[in-house]
Amino acid sequence: PINWYHLGNAHAGKILDGQWWRLVTALTLHSGGVHLAGNIIIGGIFINRLCRDLGSGVGWSLVLLCGALGNLLNALVQSPAHRAIGASTAVFAAVGLLAAINMLRYRHSLRHRWPLPVAAALALLALLGVGGENTDIGAHLFGFLCGNLIGLIYGFRSQPTAAPTTRRQRWMILFSLTVPVFCWLLALQGR
């Protein structure tokens with residue numbers, strides 16, 4: 001039998017020792033049905049909105065990238081024994097991405113209220129991201145911050161009217177599906 005949690009959790013010490021695939025595999029593990037359902041429901045709302053704005057390929061690729069970066073930053077600041085699981089790092093990355101992209105997209109129409117999307121996202125982080133005995137506040141915060149930073153970079157570098165082509169979106173969807181599978185293959189190979 002395979003101990004999936006042992007192989008794939010975001011174990012800070014092992015990540016820093018070179019097991020980088022844990023940055024992604026940890027996003028696919030959950031402590032139970034309630035944990036999984038919460039991430040699916042809350043994440044579904046924000047990731048669906050992000051994919052409607054940017055396209056599924058770009059949206060999922062950015063969520064995966066920011067979730068992995070959030071896990072990396074969390075591993076850097078936690079003790080080497082720290083372990084984490086769950087897609088909530090990626091969910092809060094999606095919230096940060098949406099906040100930053102919407103702040104940039106609507107900065108002229110919001111006038112003096114341009115920080116409103118980021119303030120709303122921070123309120124959501126405070127409401128949903130800091131409660132519970134097993135909540136990894138660092139992972140939530142770093143997911144949000146990575147999403148915000150990458151969202152600002154994406155927003156400044158892309159034209160709002162120039163969405164990636166269908167072909168590029170499809171390649172990015174394939175990338176988003178392949179990376180977790182590849183990471184799990186590496187984890188299984190190293191056991």
# chains A, B, ... in the order shown; residues from 1 in each chain; ligands from 1

$ residues_around --residues "Ile2 in chain A" --least-positions-apart "6" --cutoff "12 Å" --atoms "only C-alpha atoms" --output "list in words"
Gly8, Trp184, Ala187, Leu188, Gln189 and Arg191 of chain A

$ select_by_dssp --residues "range 32-141 of chain A" --states "alpha helix (DSSP H)" --output "short mmCIF file (atom, residue, chain, number, x, y, z; two decimals) with C-alpha atoms, in the first residue's frame"
data_model
loop_
_atom_site.label_atom_id
_atom_site.label_comp_id
_atom_site.auth_asym_id
_atom_site.auth_seq_id
_atom_site.Cartn_x
_atom_site.Cartn_y
_atom_site.Cartn_z
CA GLY A 33 -14.24 14.92 2.69
CA VAL A 34 -15.04 18.24 4.38
CA HIS A 35 -11.58 19.63 3.58
CA LEU A 36 -11.89 18.51 -0.04
CA ALA A 37 -15.48 19.78 -0.41
CA GLY A 38 -14.55 23.18 1.04
CA ASN A 39 -11.72 23.61 -1.44
CA ILE A 40 -13.88 22.44 -4.34
CA ILE A 41 -16.77 24.76 -3.49
CA ILE A 42 -14.81 27.89 -2.56
CA GLY A 43 -12.08 27.23 -5.11
CA GLY A 44 -14.63 26.44 -7.79
CA ILE A 45 -16.20 29.87 -7.45
CA PHE A 46 -12.95 31.80 -7.75
CA ILE A 47 -11.14 29.57 -10.22
CA ASN A 48 -14.23 29.47 -12.46
CA ARG A 49 -14.33 33.27 -12.48
CA LEU A 50 -10.60 33.48 -13.18
CA CYS A 51 -10.88 31.01 -16.06
CA ARG A 52 -13.83 32.94 -17.51
CA ASP A 53 -11.69 36.09 -17.48
CA LEU A 54 -8.38 34.64 -18.70
CA SER A 56 -9.04 27.91 -18.79
CA GLY A 57 -5.44 27.30 -19.83
CA VAL A 58 -4.05 30.56 -18.51
CA GLY A 59 -6.27 30.48 -15.42
CA TRP A 60 -5.34 26.96 -14.31
CA SER A 61 -1.66 27.46 -15.16
CA LEU A 62 -1.48 30.60 -13.02
CA VAL A 63 -3.35 28.94 -10.14
CA LEU A 64 -0.97 25.97 -10.23
CA LEU A 65 2.11 28.21 -10.43
CA CYS A 66 0.98 30.49 -7.60
CA GLY A 67 -0.11 27.56 -5.42
CA ALA A 68 3.32 25.93 -5.81
CA LEU A 69 5.10 29.25 -5.14
CA GLY A 70 2.93 29.76 -2.05
CA ASN A 71 3.97 26.33 -0.77
CA LEU A 72 7.63 27.19 -1.45
CA LEU A 73 7.48 30.45 0.49
CA ASN A 74 5.68 28.66 3.32
CA ALA A 75 8.43 26.00 3.41
CA LEU A 76 11.08 28.72 3.57
CA VAL A 77 9.61 30.38 6.68
CA SER A 88 -6.35 26.02 -0.23
CA THR A 89 -2.96 27.56 -1.06
CA ALA A 90 -4.02 27.49 -4.72
CA VAL A 91 -7.54 28.69 -3.86
CA PHE A 92 -6.15 31.76 -2.11
CA ALA A 93 -3.76 32.22 -5.02
CA ALA A 94 -6.83 32.40 -7.28
CA VAL A 95 -8.34 35.02 -4.96
CA GLY A 96 -5.09 37.04 -5.13
CA LEU A 97 -4.93 36.70 -8.92
CA LEU A 98 -8.51 37.91 -9.33
CA ALA A 99 -7.97 40.81 -6.94
CA ALA A 100 -4.85 42.05 -8.71
CA ILE A 101 -6.18 41.59 -12.23
CA ASN A 102 -9.49 43.27 -11.40
CA MET A 103 -7.72 46.11 -9.63
CA LEU A 104 -5.70 46.79 -12.77
CA ARG A 105 -8.55 46.19 -15.20
CA ARG A 107 -8.60 51.05 -11.96
CA HIS A 108 -9.94 53.87 -14.14
CA SER A 109 -13.62 53.18 -13.54
CA LEU A 110 -13.16 52.74 -9.78
CA LEU A 116 -11.43 47.76 -3.43
CA PRO A 117 -10.79 44.33 -5.08
CA VAL A 118 -7.68 43.77 -2.98
CA ALA A 119 -9.46 44.89 0.21
CA ALA A 120 -12.32 42.48 -0.54
CA ALA A 121 -9.83 39.66 -1.12
CA LEU A 122 -8.03 40.43 2.16
CA ALA A 123 -11.38 40.35 3.96
CA LEU A 124 -12.07 36.95 2.42
CA LEU A 125 -8.62 35.75 3.51
CA ALA A 126 -9.36 36.93 7.06
CA LEU A 127 -12.81 35.32 7.04
CA LEU A 128 -11.93 31.92 5.56
CA ILE A 137 -2.32 30.41 7.80
CA GLY A 138 1.12 30.79 6.20
CA ALA A 139 0.13 28.69 3.17
CA HIS A 140 -3.07 30.74 2.73
CA LEU A 141 -1.26 34.05 3.09
#

$ atom_distance --atom1 "CA of His30 in chain A" --atom2 "CA of Ala84 in chain A"
9.4 Å

$ residues_around --residues "His6 in chain A" --least-positions-apart "3" --cutoff "12 Å" --atoms "only C-alpha atoms" --output "NGL selection string"
:A and (1-3 or 9-11 or 14 or 22 or 25-26 or 29 or 83-85 or 187-188 or 190-191)

$ write_last_selection --atoms "N, CA and C atoms" --output "tab-separated table (two decimals), in the first residue's frame"
chain	number	residue	atom	x	y	z
A	1	PRO	N	0.83	-1.21	0.00
A	1	PRO	CA	0.00	0.00	0.00
A	1	PRO	C	0.87	1.27	0.00
A	2	ILE	N	0.36	2.27	-0.67
A	2	ILE	CA	1.09	3.54	-0.80
A	2	ILE	C	0.57	4.54	0.22
A	3	ASN	N	1.46	5.14	0.95
A	3	ASN	CA	1.10	6.19	1.89
A	3	ASN	C	1.20	7.53	1.16
A	9	ASN	N	3.06	15.21	0.91
A	9	ASN	CA	2.77	16.42	1.68
A	9	ASN	C	3.87	17.46	1.50
A	10	ALA	N	3.54	18.68	1.82
A	10	ALA	CA	4.51	19.78	1.70
A	10	ALA	C	5.38	19.79	2.94
A	11	HIS	N	6.27	18.82	3.05
A	11	HIS	CA	7.21	18.70	4.16
A	11	HIS	C	8.33	19.71	3.91
A	14	LYS	N	12.00	18.50	3.49
A	14	LYS	CA	12.24	17.71	2.28
A	14	LYS	C	12.16	18.58	1.03
A	22	ARG	N	6.91	18.14	-4.20
A	22	ARG	CA	5.97	18.25	-3.08
A	22	ARG	C	5.21	19.58	-3.11
A	25	THR	N	2.36	18.24	-5.38
A	25	THR	CA	1.60	17.08	-4.89
A	25	THR	C	0.78	17.42	-3.65
A	26	ALA	N	1.30	18.30	-2.80
A	26	ALA	CA	0.57	18.68	-1.59
A	26	ALA	C	-0.76	19.36	-1.92
A	29	LEU	N	-3.66	16.73	-2.11
A	29	LEU	CA	-4.00	15.92	-0.93
A	29	LEU	C	-4.93	16.70	0.00
A	83	ARG	N	4.61	20.30	7.99
A	83	ARG	CA	3.96	19.58	6.90
A	83	ARG	C	2.61	20.22	6.64
A	84	ALA	N	2.22	20.25	5.35
A	84	ALA	CA	0.94	20.83	4.98
A	84	ALA	C	0.37	20.07	3.78
A	85	ILE	N	-0.95	20.06	3.69
A	85	ILE	CA	-1.64	19.49	2.54
A	85	ILE	C	-2.84	20.37	2.21
A	187	ALA	N	7.33	11.55	-7.13
A	187	ALA	CA	7.14	11.18	-5.73
A	187	ALA	C	7.12	9.65	-5.58
A	188	LEU	N	6.43	8.98	-6.49
A	188	LEU	CA	6.35	7.51	-6.43
A	188	LEU	C	7.70	6.87	-6.75
A	190	GLY	N	10.60	8.12	-6.00
A	190	GLY	CA	11.50	8.35	-4.87
A	190	GLY	C	11.15	7.57	-3.63
A	191	ARG	N	10.04	6.84	-3.63
A	191	ARG	CA	9.66	6.16	-2.38
A	191	ARG	C	10.48	4.97	-2.19

$ closest_residue --among "A:Trp4, A:Pro80, A:Pro180, A:Leu185" --to "Leu23 in chain A" --atoms "only C-alpha atoms"
A:Pro180

$ decode --residues "range 173-188 of chain A" --atoms "all heavy atoms" --output "mmCIF file, in the first residue's frame"
data_model
loop_
_atom_site.group_PDB
_atom_site.id
_atom_site.type_symbol
_atom_site.label_atom_id
_atom_site.label_comp_id
_atom_site.auth_asym_id
_atom_site.auth_seq_id
_atom_site.Cartn_x
_atom_site.Cartn_y
_atom_site.Cartn_z
ATOM 1 N N ILE A 173 -3.695 24.142 -20.832
ATOM 2 C CA ILE A 173 -4.533 23.168 -20.120
ATOM 3 C C ILE A 173 -3.778 21.846 -19.993
ATOM 4 O O ILE A 173 -3.749 21.231 -18.923
ATOM 5 C CB ILE A 173 -5.885 22.968 -20.835
ATOM 6 C CG1 ILE A 173 -6.763 24.209 -20.687
ATOM 7 C CG2 ILE A 173 -6.613 21.735 -20.294
ATOM 8 C CD1 ILE A 173 -8.003 24.195 -21.551
ATOM 9 N N LEU A 174 -3.168 21.412 -21.086
ATOM 10 C CA LEU A 174 -2.380 20.178 -21.062
ATOM 11 C C LEU A 174 -1.247 20.290 -20.043
ATOM 12 O O LEU A 174 -0.984 19.350 -19.285
ATOM 13 C CB LEU A 174 -1.834 19.876 -22.463
ATOM 14 C CG LEU A 174 -1.050 18.584 -22.606
ATOM 15 C CD1 LEU A 174 -1.927 17.379 -22.296
ATOM 16 C CD2 LEU A 174 -0.472 18.476 -24.018
ATOM 17 N N PHE A 175 -0.586 21.433 -20.005
ATOM 18 C CA PHE A 175 0.476 21.681 -19.031
ATOM 19 C C PHE A 175 -0.071 21.546 -17.607
ATOM 20 O O PHE A 175 0.526 20.887 -16.753
ATOM 21 C CB PHE A 175 1.065 23.078 -19.256
ATOM 22 C CG PHE A 175 1.985 23.539 -18.175
ATOM 23 C CD1 PHE A 175 3.298 23.098 -18.122
ATOM 24 C CD2 PHE A 175 1.547 24.429 -17.198
ATOM 25 C CE1 PHE A 175 4.159 23.531 -17.109
ATOM 26 C CE2 PHE A 175 2.387 24.864 -16.188
ATOM 27 C CZ PHE A 175 3.697 24.406 -16.149
ATOM 28 N N SER A 176 -1.224 22.162 -17.344
ATOM 29 C CA SER A 176 -1.822 22.148 -16.006
ATOM 30 C C SER A 176 -2.231 20.743 -15.574
ATOM 31 O O SER A 176 -2.236 20.446 -14.380
ATOM 32 C CB SER A 176 -3.045 23.060 -15.958
ATOM 33 O OG SER A 176 -2.678 24.378 -16.246
ATOM 34 N N LEU A 177 -2.588 19.910 -16.525
ATOM 35 C CA LEU A 177 -2.946 18.525 -16.210
ATOM 36 C C LEU A 177 -1.709 17.646 -16.057
ATOM 37 O O LEU A 177 -1.689 16.716 -15.249
ATOM 38 C CB LEU A 177 -3.852 17.951 -17.304
ATOM 39 C CG LEU A 177 -5.244 18.564 -17.405
ATOM 40 C CD1 LEU A 177 -5.949 18.070 -18.667
ATOM 41 C CD2 LEU A 177 -6.064 18.240 -16.164
ATOM 42 N N THR A 178 -0.686 17.931 -16.832
ATOM 43 C CA THR A 178 0.511 17.100 -16.859
ATOM 44 C C THR A 178 1.413 17.324 -15.647
ATOM 45 O O THR A 178 1.995 16.373 -15.125
ATOM 46 C CB THR A 178 1.315 17.358 -18.156
ATOM 47 O OG1 THR A 178 0.451 17.157 -19.266
ATOM 48 C CG2 THR A 178 2.500 16.446 -18.265
ATOM 49 N N VAL A 179 1.540 18.549 -15.202
ATOM 50 C CA VAL A 179 2.465 18.855 -14.101
ATOM 51 C C VAL A 179 2.139 18.054 -12.833
ATOM 52 O O VAL A 179 3.045 17.430 -12.264
ATOM 53 C CB VAL A 179 2.525 20.378 -13.825
ATOM 54 C CG1 VAL A 179 3.211 20.685 -12.506
ATOM 55 C CG2 VAL A 179 3.239 21.077 -14.961
ATOM 56 N N PRO A 180 0.890 18.022 -12.350
ATOM 57 C CA PRO A 180 0.629 17.211 -11.151
ATOM 58 C C PRO A 180 0.904 15.718 -11.360
ATOM 59 O O PRO A 180 1.436 15.052 -10.461
ATOM 60 C CB PRO A 180 -0.860 17.457 -10.859
ATOM 61 C CG PRO A 180 -1.167 18.749 -11.516
ATOM 62 C CD PRO A 180 -0.289 18.807 -12.729
ATOM 63 N N VAL A 181 0.579 15.203 -12.521
ATOM 64 C CA VAL A 181 0.851 13.788 -12.806
ATOM 65 C C VAL A 181 2.361 13.533 -12.777
ATOM 66 O O VAL A 181 2.830 12.566 -12.167
ATOM 67 C CB VAL A 181 0.236 13.371 -14.165
ATOM 68 C CG1 VAL A 181 0.682 11.983 -14.572
ATOM 69 C CG2 VAL A 181 -1.282 13.464 -14.111
ATOM 70 N N PHE A 182 3.125 14.402 -13.432
ATOM 71 C CA PHE A 182 4.587 14.276 -13.449
ATOM 72 C C PHE A 182 5.152 14.350 -12.034
ATOM 73 O O PHE A 182 6.046 13.566 -11.661
ATOM 74 C CB PHE A 182 5.183 15.365 -14.344
ATOM 75 C CG PHE A 182 6.677 15.354 -14.398
ATOM 76 C CD1 PHE A 182 7.356 14.340 -15.060
ATOM 77 C CD2 PHE A 182 7.412 16.350 -13.777
ATOM 78 C CE1 PHE A 182 8.750 14.321 -15.108
ATOM 79 C CE2 PHE A 182 8.796 16.345 -13.816
ATOM 80 C CZ PHE A 182 9.465 15.324 -14.487
ATOM 81 N N CYS A 183 4.644 15.274 -11.241
ATOM 82 C CA CYS A 183 5.126 15.411 -9.856
ATOM 83 C C CYS A 183 4.824 14.158 -9.042
ATOM 84 O O CYS A 183 5.661 13.710 -8.240
ATOM 85 C CB CYS A 183 4.524 16.657 -9.207
ATOM 86 S SG CYS A 183 5.199 18.187 -9.878
ATOM 87 N N TRP A 184 3.646 13.569 -9.231
ATOM 88 C CA TRP A 184 3.319 12.340 -8.518
ATOM 89 C C TRP A 184 4.183 11.178 -8.986
ATOM 90 O O TRP A 184 4.580 10.323 -8.183
ATOM 91 C CB TRP A 184 1.838 11.999 -8.638
ATOM 92 C CG TRP A 184 1.045 12.645 -7.549
ATOM 93 C CD1 TRP A 184 0.128 13.646 -7.656
ATOM 94 C CD2 TRP A 184 1.139 12.350 -6.141
ATOM 95 N NE1 TRP A 184 -0.346 13.992 -6.419
ATOM 96 C CE2 TRP A 184 0.254 13.214 -5.477
ATOM 97 C CE3 TRP A 184 1.888 11.456 -5.398
ATOM 98 C CZ2 TRP A 184 0.082 13.192 -4.095
ATOM 99 C CZ3 TRP A 184 1.728 11.430 -4.003
ATOM 100 C CH2 TRP A 184 0.845 12.293 -3.378
ATOM 101 N N LEU A 185 4.518 11.143 -10.256
ATOM 102 C CA LEU A 185 5.424 10.098 -10.748
ATOM 103 C C LEU A 185 6.791 10.218 -10.082
ATOM 104 O O LEU A 185 7.414 9.218 -9.715
ATOM 105 C CB LEU A 185 5.545 10.155 -12.265
ATOM 106 C CG LEU A 185 4.305 9.700 -13.054
ATOM 107 C CD1 LEU A 185 4.491 9.952 -14.537
ATOM 108 C CD2 LEU A 185 3.993 8.232 -12.778
ATOM 109 N N LEU A 186 7.276 11.447 -9.930
ATOM 110 C CA LEU A 186 8.546 11.667 -9.237
ATOM 111 C C LEU A 186 8.454 11.234 -7.773
ATOM 112 O O LEU A 186 9.382 10.620 -7.230
ATOM 113 C CB LEU A 186 8.967 13.131 -9.327
ATOM 114 C CG LEU A 186 9.434 13.622 -10.692
ATOM 115 C CD1 LEU A 186 9.682 15.124 -10.651
ATOM 116 C CD2 LEU A 186 10.699 12.889 -11.124
ATOM 117 N N ALA A 187 7.333 11.554 -7.133
ATOM 118 C CA ALA A 187 7.144 11.177 -5.726
ATOM 119 C C ALA A 187 7.120 9.653 -5.582
ATOM 120 O O ALA A 187 7.748 9.092 -4.661
ATOM 121 C CB ALA A 187 5.858 11.779 -5.187
ATOM 122 N N LEU A 188 6.431 8.976 -6.486
ATOM 123 C CA LEU A 188 6.355 7.514 -6.433
ATOM 124 C C LEU A 188 7.697 6.868 -6.747
ATOM 125 O O LEU A 188 8.033 5.820 -6.183
ATOM 126 C CB LEU A 188 5.284 7.012 -7.402
ATOM 127 C CG LEU A 188 3.838 7.305 -6.991
ATOM 128 C CD1 LEU A 188 2.887 7.040 -8.147
ATOM 129 C CD2 LEU A 188 3.458 6.487 -5.754
#
